[in-house]
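Inspection log for the structure reproduced underneath, given as structure tokens.
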Amino acid sequence: MHRLGGKSIALDILKRYPKLLGHDDLKQRKRILKQLAENPRGFESGCKFGPWERLIYKGISVTQELTIPSIQLENDDSLRINIVDKEIPTKDGGKVIKSSINFFEQFPRVESIYKKKLMNEQARQLVKTMCAGVVWTFDNASYALKTPVLKAASLGIGEIVEDILQVYPAATMFHDDNNYNIFLLAVLNRREKVFNLIHKMGFSQKWVASYPCKNKENILHLAGKCNPSRRISGAALQMQREMQWFKALERFVHPLLLEERNKEKKIPREVFDDEHKELVKEGEKWMRDTASSCMVVDALIIAMVFAAIIAVPGNNEKGIPNFRHETLFKIFVISDAAALFSSSFSLLSFVRILTSRHAAEDFLKPLPRKLLMGLMTLIFSIATMLVASSSALIMLTDVVPGPKVVLRKATVIPVTIMATLPVVFFVWSQSYLLIDLLLSTYRPAIVC
């Protein structure tokens, strides 16, 4: 069994577990590292956060000293790792004040993220401790580090892979039964954080790219296999990430490898096309469904704001609005026009998606850019439409003989609040998609 959870504060492993950290006790190190490598959620790289949760996670500071979890050896094949809730004496002899935890308890979701980050830091400290204190020879490393580092590379736990490579860089030579090393496993399983360690730690790009695989495959053949990330929602975005991986690896490898054939006599591009036929169809359907739904909203906005232009609020004298000198009327005109033009632009953007080609390369940038532009202008048109409607409502409510408009707080404040709520709700509901589109299109995670 393996459990990581709770709160803890100070690192004192050498005093608490002298036998565990003995120079010759490689068996226990292997067991603990293997258990950690099988638990991606115990590390930051394995935590799935939304954009706002990620900001909170990055902003939270774990200021307390960290303690290694208690370790209970249960039998020859399993162990239990627990993070305990315990006050540890500080350097001045007093008790650690859990003011941070008490503060976060007022906000349950923030408290949950704080506990998650504290747990992640503890797990990272445990990995560092298990890797330290040993002069790693090839035999020792093959016994204790090979299985954990390959498992961590497969599951995308970059923290474990990085810490092991720091103490034993030759771990890149370890390979599994299929002759896949850590970087080939990272490509096969789409683990960009592990693959990016090639640049972070200064490994030879030429050596990594030319490492042989089974079935006469090279690293680009592995990039051509269809293995979309489960952490990405939407078939179109999954196809985009698959295309990003393949294009990145095309720049990464030697040009001769682009035409190298595997055991089935296929070059990497042929493998990619054959493997991704169904995902391309699913991505096209997702794009068309999304564009069609948004076009309905655009059409409604265009009809509403166009009707507002014809039926200008206030009585007209010879076709001239009575409120034309009022500031509120000018706001109405500008916002109504902005809503009309932006919704028309958004509608055309979605029409372009429906009439565009949906080949694999189109999911890399052309289609996501059109969708992003359509969504952003749609949000802008909704906001300006509500501004125009609110202005018209206030003019009709606060009109006095003259005619002129005298603004009253009793009218302006409720109308402003009610107009803001739909915009905030729509932006919040679409924020995940918008941020994913922005990051995946303009800031790809694969570095080559």
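Quick note on naming: the chains in the structure tokens go A, B, ... in the order shown, residues restart at 1 in each chain, and ligands are numbered from 1 in order of appearance.
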
Near-Ser142 in chain A list (9 Å; only C-alpha atoms; drop same-chain fewer than 5 positions) as a PyMOL selection string: chain A and resi 137+147+171+174

Close residues, Leu150 in chain A itself excluded, 8 Å, only C-alpha atoms, min 6 positions apart in chain, as a list of chain:residue names: A:Phe174, A:His175, A:Asp176, A:Asn181, A:Ile182, A:Leu185

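Comparing A:Lys285, A:Arg124, A:Arg357, A:Lys225 by their smallest distance to Glu270 in chain A, the closest is A:Lys225 (using only C-alpha atoms).
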
Who sits within 12 Å of Trp428 in chain A, only C-alpha atoms, same chain under 4 positions skipped, as a PyMOL selection string: chain A and resi 50-52+379+421-424+432-435

Save out the residues we just selected, C-alpha atoms, as a short mmCIF file (atom, residue, chain, number, x, y, z; two decimals), in the first residue's frame.
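In the end it all went to selection30.cif:
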data_model
loop_
_atom_site.label_atom_id
_atom_site.label_comp_id
_atom_site.auth_asym_id
_atom_site.auth_seq_id
_atom_site.Cartn_x
_atom_site.Cartn_y
_atom_site.Cartn_z
CA GLY A 50 -7.18 24.13 -13.84
CA PRO A 51 -5.68 27.49 -14.86
CA TRP A 52 -6.88 29.31 -11.74
CA ILE A 379 -17.10 37.31 -25.57
CA LEU A 421 -23.11 38.68 -14.15
CA PRO A 422 -23.75 37.03 -17.57
CA VAL A 423 -20.39 38.23 -18.90
CA VAL A 424 -18.51 36.97 -15.86
CA TYR A 432 -10.49 26.70 -19.41
CA LEU A 433 -10.94 26.35 -23.16
CA LEU A 434 -9.54 29.82 -23.89
CA ILE A 435 -6.45 29.36 -21.72
#

Distance query Glu264 in chain A at most 12 Å, only C-alpha atoms, self and fewer than 3 positions along chain excluded, as a list in words: Lys214, Asn215, Lys216, Glu217, His221, Glu260, Arg261, Ile267, Pro268, Glu270 and Val271 of chain A

Residue neighbourhood Arg231 in chain A, 10 Å, only C-alpha atoms, exclusion window fewer than 6 positions, as a ChimeraX atom specification: /A:46-49,238

Since we have the selection now, will you write its residues out, keeping N, CA, C and O atoms, as an mmCIF file, in the first residue's frame?
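Written out: selection-v4.cif:
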data_model
loop_
_atom_site.group_PDB
_atom_site.id
_atom_site.type_symbol
_atom_site.label_atom_id
_atom_site.label_comp_id
_atom_site.auth_asym_id
_atom_site.auth_seq_id
_atom_site.Cartn_x
_atom_site.Cartn_y
_atom_site.Cartn_z
ATOM 1 N N GLY A 46 2.247 15.355 -11.650
ATOM 2 C CA GLY A 46 1.116 14.457 -11.795
ATOM 3 C C GLY A 46 -0.204 15.040 -11.333
ATOM 4 O O GLY A 46 -1.240 14.372 -11.427
ATOM 5 N N CYS A 47 -0.184 16.258 -10.834
ATOM 6 C CA CYS A 47 -1.410 16.909 -10.356
ATOM 7 C C CYS A 47 -2.113 17.613 -11.511
ATOM 8 O O CYS A 47 -1.474 18.344 -12.270
ATOM 9 N N LYS A 48 -3.386 17.398 -11.622
ATOM 10 C CA LYS A 48 -4.161 18.042 -12.670
ATOM 11 C C LYS A 48 -4.899 19.240 -12.086
ATOM 12 O O LYS A 48 -5.851 19.096 -11.324
ATOM 13 N N PHE A 49 -4.430 20.438 -12.442
ATOM 14 C CA PHE A 49 -5.040 21.667 -11.972
ATOM 15 C C PHE A 49 -5.619 22.437 -13.148
ATOM 16 O O PHE A 49 -5.101 22.365 -14.269
ATOM 17 N N GLN A 238 -6.355 17.620 -28.528
ATOM 18 C CA GLN A 238 -5.529 16.415 -28.450
ATOM 19 C C GLN A 238 -4.781 16.194 -29.764
ATOM 20 O O GLN A 238 -3.591 15.855 -29.764
#

Interatomic distance, CA of Met173 in chain A to CA of Ala144 in chain A (Å, one decimal):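 Going from CA of Met173 in chain A over to CA of Ala144 in chain A covers 14.3 Å.
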
Every residue of range 253-308 of chain A that DSSP places in alpha helix (DSSP H), as a ChimeraX atom specification: /A:268-275,277-308

Same residues, C-alpha atoms, saved as a PDB file, in the first residue's frame:
ATOM      1  CA  PRO A 268       7.481   8.016 -39.581  1.00  0.00           C
ATOM      2  CA  ARG A 269       5.021  10.240 -41.451  1.00  0.00           C
ATOM      3  CA  GLU A 270       3.140   7.216 -42.777  1.00  0.00           C
ATOM      4  CA  VAL A 271       2.939   5.823 -39.250  1.00  0.00           C
ATOM      5  CA  PHE A 272       1.552   9.153 -38.011  1.00  0.00           C
ATOM      6  CA  ASP A 273      -1.115   9.373 -40.731  1.00  0.00           C
ATOM      7  CA  ASP A 274      -2.264   5.782 -40.260  1.00  0.00           C
ATOM      8  CA  GLU A 275      -2.401   6.032 -36.469  1.00  0.00           C
ATOM      9  CA  LYS A 277      -7.077   8.837 -38.858  1.00  0.00           C
ATOM     10  CA  GLU A 278      -9.784   8.415 -36.218  1.00  0.00           C
ATOM     11  CA  LEU A 279      -8.493  11.259 -34.039  1.00  0.00           C
ATOM     12  CA  VAL A 280      -8.565  13.616 -37.056  1.00  0.00           C
ATOM     13  CA  LYS A 281     -12.231  12.705 -37.638  1.00  0.00           C
ATOM     14  CA  GLU A 282     -13.068  13.238 -33.982  1.00  0.00           C
ATOM     15  CA  GLY A 283     -11.217  16.563 -33.977  1.00  0.00           C
ATOM     16  CA  GLU A 284     -13.102  17.728 -37.063  1.00  0.00           C
ATOM     17  CA  LYS A 285     -16.439  16.814 -35.458  1.00  0.00           C
ATOM     18  CA  TRP A 286     -15.480  18.636 -32.240  1.00  0.00           C
ATOM     19  CA  MET A 287     -14.483  21.755 -34.176  1.00  0.00           C
ATOM     20  CA  ARG A 288     -17.654  21.792 -36.250  1.00  0.00           C
ATOM     21  CA  ASP A 289     -19.935  21.216 -33.266  1.00  0.00           C
ATOM     22  CA  THR A 290     -18.247  23.994 -31.280  1.00  0.00           C
ATOM     23  CA  ALA A 291     -18.378  26.423 -34.208  1.00  0.00           C
ATOM     24  CA  SER A 292     -22.051  25.639 -34.924  1.00  0.00           C
ATOM     25  CA  SER A 293     -23.073  26.226 -31.298  1.00  0.00           C
ATOM     26  CA  CYS A 294     -21.269  29.567 -31.149  1.00  0.00           C
ATOM     27  CA  MET A 295     -22.754  30.664 -34.471  1.00  0.00           C
ATOM     28  CA  VAL A 296     -26.245  30.413 -32.967  1.00  0.00           C
ATOM     29  CA  VAL A 297     -25.258  32.833 -30.197  1.00  0.00           C
ATOM     30  CA  ASP A 298     -23.654  35.197 -32.735  1.00  0.00           C
ATOM     31  CA  ALA A 299     -26.789  35.217 -34.857  1.00  0.00           C
ATOM     32  CA  LEU A 300     -28.958  36.102 -31.849  1.00  0.00           C
ATOM     33  CA  ILE A 301     -26.635  38.956 -30.871  1.00  0.00           C
ATOM     34  CA  ILE A 302     -26.612  40.361 -34.402  1.00  0.00           C
ATOM     35  CA  ALA A 303     -30.423  40.317 -34.524  1.00  0.00           C
ATOM     36  CA  MET A 304     -30.735  42.039 -31.143  1.00  0.00           C
ATOM     37  CA  VAL A 305     -28.215  44.825 -31.697  1.00  0.00           C
ATOM     38  CA  PHE A 306     -29.429  45.496 -35.242  1.00  0.00           C
ATOM     39  CA  ALA A 307     -32.970  45.889 -33.944  1.00  0.00           C
ATOM     40  CA  ALA A 308     -31.667  48.274 -31.265  1.00  0.00           C
TER      41      ALA A 308
END

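Put simply, CA of Ser356 in chain A is 20.8 Å away from CA of Ser342 in chain A.
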
Pick from A:Ile331, A:Met418, A:Ala338, A:Ile446, whichever lies nearest to Ala392 in chain A using only C-alpha atoms: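 When distances to Ala392 in chain A are compared using only C-alpha atoms, the smallest one comes from A:Ile331.
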
Residues near Glu159 in chain A, cut-off 9 Å, only C-alpha atoms, skip fewer than 2 positions along chain, as an MDAnalysis selection string: chainID A and resid 43:45 124 127 152 156:157 161:164 193:194
